[in-house]
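Text of model_34.pdb, listed as PDB, C-alpha atoms:
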ATOM      1  CA  MET A1313      69.003 -39.714 -11.112
ATOM      2  CA  ILE A1314      66.289 -37.443 -12.439
ATOM      3  CA  ARG A1315      65.384 -34.755  -9.914
ATOM      4  CA  LYS A1316      64.376 -31.742 -12.006
ATOM      5  CA  ILE A1317      62.419 -31.682 -15.285
ATOM      6  CA  ALA A1318      61.632 -28.689 -17.483
ATOM      7  CA  VAL A1319      58.319 -28.986 -19.352
ATOM      8  CA  PHE A1320      57.891 -27.137 -22.640
ATOM      9  CA  PRO A1321      54.331 -27.393 -23.988
ATOM     10  CA  ASN A1322      53.149 -26.329 -27.421
ATOM     11  CA  ALA A1323      50.082 -24.289 -26.457
ATOM     12  CA  ASN A1324      48.589 -24.745 -29.935
ATOM     13  CA  LYS A1325      48.561 -28.524 -29.504
ATOM     14  CA  ASP A1326      47.841 -28.670 -25.766
ATOM     15  CA  ALA A1327      44.664 -26.595 -25.889
ATOM     16  CA  GLY A1328      43.966 -25.056 -22.509
ATOM     17  CA  LEU A1329      47.213 -26.612 -21.204
ATOM     18  CA  ASP A1330      45.239 -29.437 -19.612
ATOM     19  CA  ILE A1331      47.883 -32.041 -20.446
ATOM     20  CA  THR A1332      50.553 -29.760 -18.980
ATOM     21  CA  ARG A1333      48.613 -29.353 -15.728
ATOM     22  CA  GLN A1334      48.141 -33.099 -15.387
ATOM     23  CA  LEU A1335      51.801 -33.761 -16.145
ATOM     24  CA  VAL A1336      52.994 -31.228 -13.579
ATOM     25  CA  GLN A1337      50.802 -32.814 -10.909
ATOM     26  CA  TRP A1338      51.969 -36.320 -11.852
ATOM     27  CA  LEU A1339      55.649 -35.332 -11.641
ATOM     28  CA  GLU A1340      55.261 -33.476  -8.346
ATOM     29  CA  THR A1341      53.561 -36.454  -6.663
ATOM     30  CA  ARG A1342      56.738 -38.388  -7.497
ATOM     31  CA  GLY A1343      59.001 -35.810  -5.909
ATOM     32  CA  ILE A1344      60.231 -34.245  -9.146
ATOM     33  CA  SER A1345      60.903 -30.500  -9.256
ATOM     34  CA  VAL A1346      59.144 -29.018 -12.282
ATOM     35  CA  MET A1347      60.251 -26.001 -14.301
ATOM     36  CA  LEU A1348      58.020 -24.034 -16.689
ATOM     37  CA  ASN A1349      58.602 -20.836 -18.571
ATOM     38  CA  GLU A1350      57.004 -17.854 -16.868
ATOM     39  CA  SER A1351      54.178 -17.544 -19.389
ATOM     40  CA  THR A1352      53.096 -21.186 -19.047
ATOM     41  CA  ALA A1353      53.412 -21.074 -15.257
ATOM     42  CA  SER A1354      51.141 -18.034 -15.150
ATOM     43  CA  LYS A1355      48.534 -19.637 -17.411
ATOM     44  CA  ILE A1356      48.217 -22.730 -15.219
ATOM     45  CA  GLU A1357      48.264 -20.564 -12.076
ATOM     46  CA  ARG A1358      51.568 -21.931 -10.817
ATOM     47  CA  PRO A1359      53.851 -18.873 -10.834
ATOM     48  CA  ASP A1360      56.096 -20.651  -8.325
ATOM     49  CA  LEU A1361      57.235 -22.931 -11.175
ATOM     50  CA  GLY A1362      58.077 -20.076 -13.549
ATOM     51  CA  TYR A1363      61.641 -19.614 -14.818
ATOM     52  CA  SER A1364      63.168 -17.539 -17.586
ATOM     53  CA  GLY A1365      66.130 -17.506 -19.910
ATOM     54  CA  HIS A1366      69.308 -19.364 -19.025
ATOM     55  CA  SER A1367      67.822 -21.258 -16.060
ATOM     56  CA  MET A1368      65.310 -23.143 -18.209
ATOM     57  CA  TYR A1369      68.114 -24.666 -20.259
ATOM     58  CA  SER A1370      70.921 -25.072 -17.730
ATOM     59  CA  GLU A1371      69.252 -26.462 -14.598
ATOM     60  CA  PRO A1372      66.997 -29.408 -15.572
ATOM     61  CA  ASP A1373      68.178 -33.009 -15.799
ATOM     62  CA  ILE A1374      65.961 -33.548 -18.836
ATOM     63  CA  ILE A1375      63.404 -31.602 -20.852
ATOM     64  CA  VAL A1376      59.936 -32.930 -21.660
ATOM     65  CA  ALA A1377      58.486 -31.349 -24.790
ATOM     66  CA  LEU A1378      54.753 -31.621 -25.418
ATOM     67  CA  GLY A1379      54.027 -31.202 -29.119
ATOM     68  CA  GLY A1380      55.215 -32.654 -32.399
ATOM     69  CA  ASP A1381      58.332 -32.685 -34.515
ATOM     70  CA  GLY A1382      58.192 -28.901 -34.938
ATOM     71  CA  THR A1383      58.181 -28.452 -31.166
ATOM     72  CA  LEU A1384      61.195 -30.733 -30.840
ATOM     73  CA  LEU A1385      63.107 -28.893 -33.586
ATOM     74  CA  SER A1386      62.501 -25.542 -31.912
ATOM     75  CA  ILE A1387      63.559 -26.746 -28.463
ATOM     76  CA  ALA A1388      66.600 -28.570 -29.854
ATOM     77  CA  ARG A1389      67.987 -25.296 -31.221
ATOM     78  CA  GLN A1390      67.311 -23.528 -27.922
ATOM     79  CA  VAL A1391      69.000 -26.095 -25.687
ATOM     80  CA  CYS A1392      71.744 -27.477 -27.936
ATOM     81  CA  LEU A1393      74.446 -25.336 -26.326
ATOM     82  CA  TYR A1394      73.457 -26.760 -22.916
ATOM     83  CA  GLN A1395      73.337 -30.399 -24.079
ATOM     84  CA  ILE A1396      70.222 -31.289 -22.048
ATOM     85  CA  PRO A1397      68.447 -34.527 -23.130
ATOM     86  CA  ILE A1398      64.948 -34.100 -24.588
ATOM     87  CA  LEU A1399      61.960 -36.433 -24.348
ATOM     88  CA  CYS A1400      59.262 -35.369 -26.781
ATOM     89  CA  ILE A1401      55.648 -36.480 -26.330
ATOM     90  CA  ASN A1402      53.784 -36.466 -29.620
ATOM     91  CA  LEU A1403      50.636 -34.338 -29.633
ATOM     92  CA  GLY A1404      50.858 -33.853 -33.390
ATOM     93  CA  HIS A1405      50.239 -36.063 -36.407
ATOM     94  CA  LEU A1406      53.193 -37.830 -38.070
ATOM     95  CA  GLY A1407      55.680 -37.279 -35.260
ATOM     96  CA  PHE A1408      58.644 -38.983 -36.902
ATOM     97  CA  LEU A1409      61.113 -37.708 -34.294
ATOM     98  CA  THR A1410      58.755 -38.092 -31.351
ATOM     99  CA  GLU A1411      58.552 -41.802 -30.574
ATOM    100  CA  VAL A1412      56.259 -41.490 -27.499
ATOM    101  CA  GLU A1413      52.565 -40.920 -28.157
ATOM    102  CA  VAL A1414      50.546 -38.997 -25.581
ATOM    103  CA  SER A1415      48.630 -42.165 -24.671
ATOM    104  CA  ASP A1416      51.945 -43.712 -23.577
ATOM    105  CA  MET A1417      53.281 -40.630 -21.807
ATOM    106  CA  TYR A1418      53.079 -41.816 -18.195
ATOM    107  CA  PRO A1419      54.474 -45.345 -18.774
ATOM    108  CA  ALA A1420      57.346 -43.749 -20.701
ATOM    109  CA  LEU A1421      58.023 -41.271 -17.902
ATOM    110  CA  GLU A1422      57.964 -44.088 -15.336
ATOM    111  CA  LYS A1423      60.776 -45.738 -17.293
ATOM    112  CA  VAL A1424      62.722 -42.477 -17.377
ATOM    113  CA  LEU A1425      62.400 -41.942 -13.631
ATOM    114  CA  GLU A1426      63.521 -45.532 -13.063
ATOM    115  CA  GLY A1427      66.552 -44.995 -15.295
ATOM    116  CA  ARG A1428      65.323 -47.377 -18.010
ATOM    117  CA  TYR A1429      66.100 -45.227 -21.011
ATOM    118  CA  SER A1430      68.883 -44.501 -23.469
ATOM    119  CA  ILE A1431      70.225 -41.343 -25.078
ATOM    120  CA  GLU A1432      70.410 -41.069 -28.852
ATOM    121  CA  ASN A1433      72.787 -38.421 -30.184
ATOM    122  CA  ARG A1434      71.706 -36.617 -33.340
ATOM    123  CA  MET A1435      74.166 -34.634 -35.417
ATOM    124  CA  MET A1436      73.459 -30.940 -36.005
ATOM    125  CA  LEU A1437      74.584 -28.403 -38.592
ATOM    126  CA  GLN A1438      76.359 -25.155 -37.850
ATOM    127  CA  ILE A1439      75.519 -22.474 -40.390
ATOM    128  CA  ALA A1440      77.246 -19.128 -40.793
ATOM    129  CA  VAL A1441      76.261 -16.283 -43.130
ATOM    130  CA  ILE A1442      79.258 -14.307 -44.372
ATOM    131  CA  ARG A1443      78.975 -10.903 -46.069
ATOM    132  CA  ASP A1444      81.932  -8.768 -47.082
ATOM    133  CA  ASP A1445      84.268 -11.125 -45.179
ATOM    134  CA  MET A1446      82.277 -10.614 -41.966
ATOM    135  CA  GLU A1447      80.232 -13.281 -40.213
ATOM    136  CA  LEU A1448      76.734 -11.846 -39.789
ATOM    137  CA  GLU A1449      74.883 -14.679 -38.074
ATOM    138  CA  THR A1450      75.418 -18.224 -36.828
ATOM    139  CA  PHE A1451      72.642 -20.793 -36.615
ATOM    140  CA  TYR A1452      72.281 -24.414 -35.540
ATOM    141  CA  ALA A1453      69.916 -26.862 -37.232
ATOM    142  CA  LEU A1454      68.789 -30.362 -36.342
ATOM    143  CA  ASN A1455      67.014 -30.979 -39.673
ATOM    144  CA  ASP A1456      68.193 -28.655 -42.388
ATOM    145  CA  ALA A1457      69.012 -25.276 -43.823
ATOM    146  CA  VAL A1458      67.142 -24.334 -46.993
ATOM    147  CA  ILE A1459      68.170 -21.544 -49.372
ATOM    148  CA  SER A1460      65.256 -20.751 -51.633
ATOM    149  CA  LYS A1461      63.450 -18.133 -53.640
ATOM    150  CA  GLY A1462      60.993 -15.895 -51.854
ATOM    151  CA  SER A1463      57.748 -14.713 -53.388
ATOM    152  CA  PHE A1464      58.877 -14.489 -57.021
ATOM    153  CA  SER A1465      58.494 -17.402 -59.431
ATOM    154  CA  ARG A1466      61.792 -17.569 -61.295
ATOM    155  CA  LEU A1467      64.735 -19.850 -60.510
ATOM    156  CA  ILE A1468      67.717 -18.754 -58.437
ATOM    157  CA  ARG A1469      71.446 -19.375 -58.965
ATOM    158  CA  LEU A1470      73.682 -20.870 -56.290
ATOM    159  CA  LYS A1471      77.287 -22.011 -56.529
ATOM    160  CA  ALA A1472      78.330 -24.881 -54.273
ATOM    161  CA  TYR A1473      81.857 -25.642 -53.089
ATOM    162  CA  ILE A1474      82.991 -28.459 -50.810
ATOM    163  CA  ASP A1475      86.328 -27.935 -49.063
ATOM    164  CA  ASP A1476      87.058 -25.146 -51.584
ATOM    165  CA  GLU A1477      86.459 -27.419 -54.580
ATOM    166  CA  PHE A1478      83.711 -26.392 -57.015
ATOM    167  CA  VAL A1479      80.843 -28.916 -57.076
ATOM    168  CA  ASN A1480      77.915 -27.488 -58.998
ATOM    169  CA  ASN A1481      76.207 -24.376 -60.248
ATOM    170  CA  TYR A1482      72.611 -24.919 -59.158
ATOM    171  CA  ILE A1483      69.814 -23.273 -61.109
ATOM    172  CA  ALA A1484      66.767 -24.289 -59.129
ATOM    173  CA  ASP A1485      63.980 -23.244 -56.783
ATOM    174  CA  GLY A1486      66.508 -23.697 -54.008
ATOM    175  CA  LEU A1487      68.905 -26.018 -52.222
ATOM    176  CA  ILE A1488      68.425 -28.116 -49.071
ATOM    177  CA  ILE A1489      71.404 -28.912 -46.874
ATOM    178  CA  ALA A1490      70.304 -31.573 -44.392
ATOM    179  CA  THR A1491      71.515 -33.805 -41.606
ATOM    180  CA  PRO A1492      70.628 -37.522 -41.560
ATOM    181  CA  THR A1493      67.796 -36.567 -39.181
ATOM    182  CA  GLY A1494      66.549 -34.087 -41.792
ATOM    183  CA  SER A1495      66.737 -36.683 -44.560
ATOM    184  CA  THR A1496      63.157 -37.743 -43.746
ATOM    185  CA  ALA A1497      61.858 -34.154 -43.911
ATOM    186  CA  TYR A1498      61.964 -31.604 -46.769
ATOM    187  CA  SER A1499      64.920 -33.329 -48.438
ATOM    188  CA  LEU A1500      62.867 -36.517 -48.803
ATOM    189  CA  SER A1501      59.984 -34.580 -50.385
ATOM    190  CA  ALA A1502      62.449 -33.075 -52.859
ATOM    191  CA  GLY A1503      63.683 -36.514 -53.930
ATOM    192  CA  GLY A1504      66.619 -36.946 -51.564
ATOM    193  CA  PRO A1505      67.631 -40.271 -49.989
ATOM    194  CA  ILE A1506      66.745 -41.503 -46.516
ATOM    195  CA  VAL A1507      69.911 -41.680 -44.427
ATOM    196  CA  SER A1508      70.201 -43.542 -41.133
ATOM    197  CA  PRO A1509      70.827 -41.196 -38.175
ATOM    198  CA  ASN A1510      73.580 -43.604 -37.120
ATOM    199  CA  LEU A1511      75.621 -42.133 -39.952
ATOM    200  CA  GLU A1512      77.174 -38.707 -39.680
ATOM    201  CA  SER A1513      76.934 -37.115 -43.093
ATOM    202  CA  ILE A1514      75.519 -34.084 -44.873
ATOM    203  CA  LEU A1515      73.031 -34.084 -47.747
ATOM    204  CA  LEU A1516      72.706 -31.537 -50.553
ATOM    205  CA  THR A1517      69.360 -31.812 -52.327
ATOM    206  CA  PRO A1518      68.328 -29.325 -55.049
ATOM    207  CA  ILE A1519      64.683 -28.215 -55.167
ATOM    208  CA  CYS A1520      63.189 -28.559 -58.657
ATOM    209  CA  PRO A1521      66.525 -28.103 -60.466
ATOM    210  CA  HIS A1522      66.536 -26.924 -64.075
ATOM    211  CA  SER A1523      68.810 -29.824 -65.027
ATOM    212  CA  LEU A1524      68.407 -33.534 -65.657
ATOM    213  CA  ASN A1525      71.710 -34.428 -63.990
ATOM    214  CA  SER A1526      71.334 -32.434 -60.762
ATOM    215  CA  ARG A1527      70.846 -35.024 -58.019
ATOM    216  CA  SER A1528      71.184 -35.300 -54.262
ATOM    217  CA  LEU A1529      74.721 -35.534 -52.960
ATOM    218  CA  VAL A1530      75.758 -37.196 -49.685
ATOM    219  CA  ILE A1531      79.106 -36.057 -48.300
ATOM    220  CA  SER A1532      81.276 -36.674 -45.260
ATOM    221  CA  ASP A1533      80.584 -34.893 -41.984
ATOM    222  CA  LYS A1534      84.221 -33.771 -42.043
ATOM    223  CA  GLU A1535      83.730 -31.621 -45.147
ATOM    224  CA  VAL A1536      82.738 -27.950 -45.203
ATOM    225  CA  ILE A1537      80.164 -26.604 -47.645
ATOM    226  CA  ARG A1538      80.173 -23.071 -49.004
ATOM    227  CA  ILE A1539      77.167 -21.852 -50.941
ATOM    228  CA  TYR A1540      77.716 -18.633 -52.878
ATOM    229  CA  ILE A1541      74.599 -16.597 -53.610
ATOM    230  CA  ASP A1542      75.080 -15.812 -57.298
ATOM    231  CA  ASP A1543      71.802 -14.076 -58.019
ATOM    232  CA  PRO A1544      70.917 -10.354 -58.116
ATOM    233  CA  SER A1545      67.453 -10.914 -56.650
ATOM    234  CA  SER A1546      66.720  -9.308 -53.313
ATOM    235  CA  ASP A1547      64.192 -12.009 -52.415
ATOM    236  CA  ILE A1548      66.238 -15.069 -51.418
ATOM    237  CA  VAL A1549      65.720 -16.548 -47.969
ATOM    238  CA  MET A1550      67.556 -19.101 -45.857
ATOM    239  CA  THR A1551      65.292 -21.052 -43.515
ATOM    240  CA  ILE A1552      66.557 -23.043 -40.524
ATOM    241  CA  ASP A1553      64.531 -26.168 -39.686
ATOM    242  CA  GLY A1554      61.588 -24.538 -41.458
ATOM    243  CA  GLN A1555      61.208 -22.143 -38.514
ATOM    244  CA  GLU A1556      63.835 -19.390 -38.555
ATOM    245  CA  GLY A1557      64.316 -17.163 -41.583
ATOM    246  CA  PHE A1558      67.233 -15.012 -42.706
ATOM    247  CA  ARG A1559      67.325 -12.994 -45.923
ATOM    248  CA  VAL A1560      70.534 -13.498 -47.907
ATOM    249  CA  ALA A1561      71.857 -11.270 -50.695
ATOM    250  CA  ASN A1562      73.878 -11.556 -53.868
ATOM    251  CA  GLY A1563      77.523 -12.176 -52.963
ATOM    252  CA  ASP A1564      76.767 -13.682 -49.557
ATOM    253  CA  ILE A1565      78.419 -16.956 -48.592
ATOM    254  CA  VAL A1566      76.556 -19.537 -46.513
ATOM    255  CA  MET A1567      79.059 -21.837 -44.819
ATOM    256  CA  LEU A1568      77.749 -25.115 -43.413
ATOM    257  CA  LYS A1569      79.497 -27.842 -41.461
ATOM    258  CA  LYS A1570      78.887 -30.435 -38.802
ATOM    259  CA  ALA A1571      78.321 -28.711 -35.473
ATOM    260  CA  GLY A1572      80.481 -29.559 -32.494
ATOM    261  CA  ILE A1573      77.334 -30.221 -30.451
ATOM    262  CA  TYR A1574      74.508 -32.732 -30.666
ATOM    263  CA  THR A1575      70.824 -32.980 -29.894
ATOM    264  CA  HIS A1576      70.351 -35.659 -27.231
ATOM    265  CA  LEU A1577      67.050 -37.528 -27.537
ATOM    266  CA  VAL A1578      65.683 -39.645 -24.692
ATOM    267  CA  ARG A1579      64.620 -43.044 -26.018
ATOM    268  CA  VAL A1580      62.422 -45.456 -24.047
ATOM    269  CA  SER A1581      60.611 -47.626 -26.596
ATOM    270  CA  GLY A1582      63.615 -49.548 -27.869
ATOM    271  CA  LYS A1583      62.313 -49.180 -31.441
ATOM    272  CA  SER A1584      64.994 -48.977 -34.101
ATOM    273  CA  PHE A1585      65.141 -46.252 -36.741
ATOM    274  CA  TYR A1586      63.942 -48.792 -39.321
ATOM    275  CA  LYS A1587      60.956 -49.809 -37.208
ATOM    276  CA  LEU A1588      59.964 -46.161 -36.827
ATOM    277  CA  LEU A1589      60.523 -45.622 -40.529
ATOM    278  CA  HIS A1590      58.159 -48.458 -41.322
ATOM    279  CA  GLU A1591      55.494 -47.255 -38.892
ATOM    280  CA  LYS A1592      55.680 -43.558 -39.697
ATOM    281  CA  LEU A1593      56.201 -43.592 -43.468
ATOM    282  CA  TYR A1594      55.589 -46.934 -45.139
ATOM    283  CA  ASP A1595      52.486 -47.920 -43.154
ATOM    284  CA  ILE A1596      50.985 -44.455 -43.687
ATOM    285  CA  ASP A1597      51.597 -44.654 -47.439
ATOM    286  CA  ALA A1598      50.020 -48.129 -47.539
ATOM    287  CA  GLN A1599      46.970 -46.807 -45.661
ATOM    288  CA  ARG A1600      46.634 -43.932 -48.126
ATOM    289  CA  LEU A1601      46.669 -46.378 -51.015
ATOM    290  CA  ARG A1602      43.962 -48.491 -49.327
ATOM    291  CA  ASP A1603      41.841 -45.374 -48.741
TER     292      ASP A1603
END

Just give me the structure of the file as structure tokens.
Amino acid sequence: MIRKIAVFPNANKDAGLDITRQLVQWLETRGISVMLNESTASKIERPDLGYSGHSMYSEPDIIVALGGDGTLLSIARQVCLYQIPILCINLGHLGFLTEVEVSDMYPALEKVLEGRYSIENRMMLQIAVIRDDMELETFYALNDAVISKGSFSRLIRLKAYIDDEFVNNYIADGLIIATPTGSTAYSLSAGGPIVSPNLESILLTPICPHSLNSRSLVISDKEVIRIYIDDPSSDIVMTIDGQEGFRVANGDIVMLKKAGIYTHLVRVSGKSFYKLLHEKLYDIDAQRLRD
């Protein structure tokens, strides 16, 4: 039974936090305890609902995110260690991951409170940066990790190994390592395949490779990828889900594998991945052609 819900609004999309205020009131009239971060609670003049740090991720039964896909990606990385289910209400544009539009928010929440929902588990990546045999940082990604050139225009060199076997020497603008969830994001734009999230696999998609035979590669989720930075440039960056950046250096190793944790998405519409794919990508492309 749902008794406590943490609400995470994107203040850039919920201008003035009016939607957040209305949602808080709606939940409280139904006997639900609401949690907000301290900043949001202060802005809507409800400091009694303000929480910080660990409590926001460990105490709620579910999290309601108000925003778009970027909001969901950010929250997924914050809460993945706590394994709290997330329902994301789309206040953005495409919203491929966010199946509930803001106009359907309250009917969707009624279903959740009545227990008429399912949980969809999405595979994540665990990424470690190794320098001089020491692990510098560990990241988790729901979509992808991208190793790419910074501000300069020339190509970079990356060596890829899978389970210690050499795969390719990439000379390209960069390399995308994506989950099936991330297959509809940057990897797709770079020419990679669309992979059903029901599969657990990892995609390697080069960005503008300087080779005619350098193509996307789909591998097992049981395999470990090691990317060796083989370039003297000091301007190479790894980006996590397009939101977190980490500067890597020549000789660094980026090790990527399936994470032992998942992002849990609350689903209420009953729409399949293929139905969403048709609505979010194919219908939009058809509309663009008509326009």

Here's the selection I'm unsure about, the PyMOL selection byres ((chain A and resi 1442) around 10); applied to the file above, which residues does it give, as a compact mmCIF listing (two decimals) with C-alpha atoms, keeping the file's coordinate frame?
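Result file expr00.txt:
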# COMPACT_ATOMS: atom_id res chain seq x y z
CA ILE A 1439 75.52 -22.47 -40.39
CA ALA A 1440 77.25 -19.13 -40.79
CA VAL A 1441 76.26 -16.28 -43.13
CA ARG A 1443 78.97 -10.90 -46.07
CA ASP A 1444 81.93 -8.77 -47.08
CA ASP A 1445 84.27 -11.12 -45.18
CA MET A 1446 82.28 -10.61 -41.97
CA GLU A 1447 80.23 -13.28 -40.21
CA LEU A 1448 76.73 -11.85 -39.79
CA GLU A 1449 74.88 -14.68 -38.07
CA THR A 1450 75.42 -18.22 -36.83
CA ARG A 1538 80.17 -23.07 -49.00
CA TYR A 1540 77.72 -18.63 -52.88
CA VAL A 1560 70.53 -13.50 -47.91
CA GLY A 1563 77.52 -12.18 -52.96
CA ASP A 1564 76.77 -13.68 -49.56
CA ILE A 1565 78.42 -16.96 -48.59
CA VAL A 1566 76.56 -19.54 -46.51
CA MET A 1567 79.06 -21.84 -44.82

Exercise: residues within 9 Å of coordinate (72.2, -27.1, -53.2), counting only C-alpha atoms, as a PyMOL selection string: chain A and resi 1458-1459+1470-1472+1480-1482+1484+1486-1489+1515-1519+1528-1529+1539

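Atom CA of Leu1361 of chain A is found 20.6 Å from atom CA of Tyr1418 of chain A.
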
Pick from A:Ser1430, A:Ser1367, A:Ser1513, A:Gln1555, whichever lies nearest to Ser1532 of chain A using only C-alpha atoms: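 Looking only at the distances to Ser1532 of chain A, the closest residue turns out to be A:Ser1513.
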
Using only C-alpha atoms, tabulate the residues of segment 1433-1534 of chain A lying at most 10 Å from any atom of segment 1402-1414 of chain A, each with its closest atom pair and that distance in Å to one decimal, by chain and increasing residue number, as a Markdown table.
| residue | atom | partner | partner_atom | distance |
| --- | --- | --- | --- | --- |
| A:Thr1493 | CA | A:Leu1409 | CA | 8.4 |
| A:Gly1494 | CA | A:Leu1409 | CA | 9.9 |
| A:Thr1496 | CA | A:Phe1408 | CA | 8.3 |
| A:Ala1497 | CA | A:Phe1408 | CA | 9.1 |

Take the residues just selected and output them with C-alpha atoms as a short mmCIF file (atom, residue, chain, number, x, y, z; two decimals), in the coordinates of the input.
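Result written to out-v1.cif:
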data_model
loop_
_atom_site.label_atom_id
_atom_site.label_comp_id
_atom_site.auth_asym_id
_atom_site.auth_seq_id
_atom_site.Cartn_x
_atom_site.Cartn_y
_atom_site.Cartn_z
CA THR A 1493 67.80 -36.57 -39.18
CA GLY A 1494 66.55 -34.09 -41.79
CA THR A 1496 63.16 -37.74 -43.75
CA ALA A 1497 61.86 -34.15 -43.91
#

For segment 1374-1391 of chain A, list every protein, DNA or RNA residue within 9 Å, evaluated using only C-alpha atoms, and leave out those in the same chain fewer than 2 positions away; present the list as a PDB file with C-alpha atoms, keeping the file's coordinate frame.
ATOM      1  CA  ILE A1314      66.289 -37.443 -12.439  1.00  0.00           C
ATOM      2  CA  LYS A1316      64.376 -31.742 -12.006  1.00  0.00           C
ATOM      3  CA  ILE A1317      62.419 -31.682 -15.285  1.00  0.00           C
ATOM      4  CA  ALA A1318      61.632 -28.689 -17.483  1.00  0.00           C
ATOM      5  CA  VAL A1319      58.319 -28.986 -19.352  1.00  0.00           C
ATOM      6  CA  PHE A1320      57.891 -27.137 -22.640  1.00  0.00           C
ATOM      7  CA  PRO A1321      54.331 -27.393 -23.988  1.00  0.00           C
ATOM      8  CA  ASN A1322      53.149 -26.329 -27.421  1.00  0.00           C
ATOM      9  CA  ALA A1323      50.082 -24.289 -26.457  1.00  0.00           C
ATOM     10  CA  ASN A1324      48.589 -24.745 -29.935  1.00  0.00           C
ATOM     11  CA  LYS A1325      48.561 -28.524 -29.504  1.00  0.00           C
ATOM     12  CA  ASP A1326      47.841 -28.670 -25.766  1.00  0.00           C
ATOM     13  CA  ILE A1331      47.883 -32.041 -20.446  1.00  0.00           C
ATOM     14  CA  THR A1332      50.553 -29.760 -18.980  1.00  0.00           C
ATOM     15  CA  MET A1368      65.310 -23.143 -18.209  1.00  0.00           C
ATOM     16  CA  TYR A1369      68.114 -24.666 -20.259  1.00  0.00           C
ATOM     17  CA  SER A1370      70.921 -25.072 -17.730  1.00  0.00           C
ATOM     18  CA  GLU A1371      69.252 -26.462 -14.598  1.00  0.00           C
ATOM     19  CA  PRO A1372      66.997 -29.408 -15.572  1.00  0.00           C
ATOM     20  CA  LEU A1393      74.446 -25.336 -26.326  1.00  0.00           C
ATOM     21  CA  TYR A1394      73.457 -26.760 -22.916  1.00  0.00           C
ATOM     22  CA  GLN A1395      73.337 -30.399 -24.079  1.00  0.00           C
ATOM     23  CA  ILE A1396      70.222 -31.289 -22.048  1.00  0.00           C
ATOM     24  CA  PRO A1397      68.447 -34.527 -23.130  1.00  0.00           C
ATOM     25  CA  ILE A1398      64.948 -34.100 -24.588  1.00  0.00           C
ATOM     26  CA  LEU A1399      61.960 -36.433 -24.348  1.00  0.00           C
ATOM     27  CA  CYS A1400      59.262 -35.369 -26.781  1.00  0.00           C
ATOM     28  CA  ILE A1401      55.648 -36.480 -26.330  1.00  0.00           C
ATOM     29  CA  ASN A1402      53.784 -36.466 -29.620  1.00  0.00           C
ATOM     30  CA  LEU A1403      50.636 -34.338 -29.633  1.00  0.00           C
ATOM     31  CA  GLY A1404      50.858 -33.853 -33.390  1.00  0.00           C
ATOM     32  CA  HIS A1405      50.239 -36.063 -36.407  1.00  0.00           C
ATOM     33  CA  LEU A1406      53.193 -37.830 -38.070  1.00  0.00           C
ATOM     34  CA  GLY A1407      55.680 -37.279 -35.260  1.00  0.00           C
ATOM     35  CA  PHE A1408      58.644 -38.983 -36.902  1.00  0.00           C
ATOM     36  CA  LEU A1409      61.113 -37.708 -34.294  1.00  0.00           C
ATOM     37  CA  THR A1410      58.755 -38.092 -31.351  1.00  0.00           C
ATOM     38  CA  VAL A1414      50.546 -38.997 -25.581  1.00  0.00           C
ATOM     39  CA  PHE A1451      72.642 -20.793 -36.615  1.00  0.00           C
ATOM     40  CA  TYR A1452      72.281 -24.414 -35.540  1.00  0.00           C
ATOM     41  CA  ALA A1453      69.916 -26.862 -37.232  1.00  0.00           C
ATOM     42  CA  LEU A1454      68.789 -30.362 -36.342  1.00  0.00           C
ATOM     43  CA  ASN A1455      67.014 -30.979 -39.673  1.00  0.00           C
ATOM     44  CA  ASP A1553      64.531 -26.168 -39.686  1.00  0.00           C
ATOM     45  CA  GLY A1554      61.588 -24.538 -41.458  1.00  0.00           C
ATOM     46  CA  GLN A1555      61.208 -22.143 -38.514  1.00  0.00           C
ATOM     47  CA  TYR A1574      74.508 -32.732 -30.666  1.00  0.00           C
ATOM     48  CA  THR A1575      70.824 -32.980 -29.894  1.00  0.00           C
ATOM     49  CA  HIS A1576      70.351 -35.659 -27.231  1.00  0.00           C
ATOM     50  CA  VAL A1578      65.683 -39.645 -24.692  1.00  0.00           C
TER      51      VAL A1578
END

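What the PyMOL selection byres ((chain A and resi 1543) around 8) picks from this file is A:Ile1468, A:Arg1469, A:Leu1470, A:Ile1541, A:Asp1542, A:Pro1544, A:Ser1545, A:Ala1561, A:Asn1562, A:Gly1563.
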
Surrounding residues of Gly1427 of chain A excluding itself and chain neighbours under 4 positions, 9 Å, all atoms listed in the file, as a list of chain:residue names: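 Counting only the stated atoms, we get A:Met1313, A:Ile1314, A:Glu1422, A:Lys1423.
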
Pairwise distance for atom CA of Ala1457 of chain A and atom CA of Thr1491 of chain A, rounded to one decimal in Å: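 Atom-to-atom, atom CA of Ala1457 of chain A and atom CA of Thr1491 of chain A are spaced 9.2 Å apart.
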
Non-local contacts of Arg1333 of chain A (12 Å; only C-alpha atoms; under 2 positions in same chain excluded) as a ChimeraX atom specification: /A:1319-1321,1323,1326-1331,1335-1340,1346,1348,1352-1358,1361,1378

Proximity to Phe1464 of chain A - best of A:Ser1546, A:Thr1341, A:Gln1334, A:Ser1351, all atoms listed in the file: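 Nearest to Phe1464 of chain A: A:Ser1546.
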
Distance in Å - atom CA of Cys1520 of chain A versus atom CA of Asp1485 of chain A: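 Atom CA of Asp1485 of chain A lies 5.7 Å from atom CA of Cys1520 of chain A.
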
Best match for closeness to Tyr1363 of chain A among A:Leu1511, A:Pro1419, A:Asn1349, A:Thr1551, counting all atoms listed in the file: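 When distances to Tyr1363 of chain A are compared using all atoms listed in the file, the smallest one comes from A:Asn1349.
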
Give me the result of the PyMOL selection byres ((chain A and resi 1533) around 6) on this file, residue by residue, as a PDB file with C-alpha atoms, in the frame of the given file.
ATOM      1  CA  GLU A1512      77.174 -38.707 -39.680  1.00  0.00           C
ATOM      2  CA  SER A1513      76.934 -37.115 -43.093  1.00  0.00           C
ATOM      3  CA  ILE A1514      75.519 -34.084 -44.873  1.00  0.00           C
ATOM      4  CA  SER A1532      81.276 -36.674 -45.260  1.00  0.00           C
ATOM      5  CA  LYS A1534      84.221 -33.771 -42.043  1.00  0.00           C
ATOM      6  CA  GLU A1535      83.730 -31.621 -45.147  1.00  0.00           C
ATOM      7  CA  LYS A1570      78.887 -30.435 -38.802  1.00  0.00           C
TER       8      LYS A1570
END
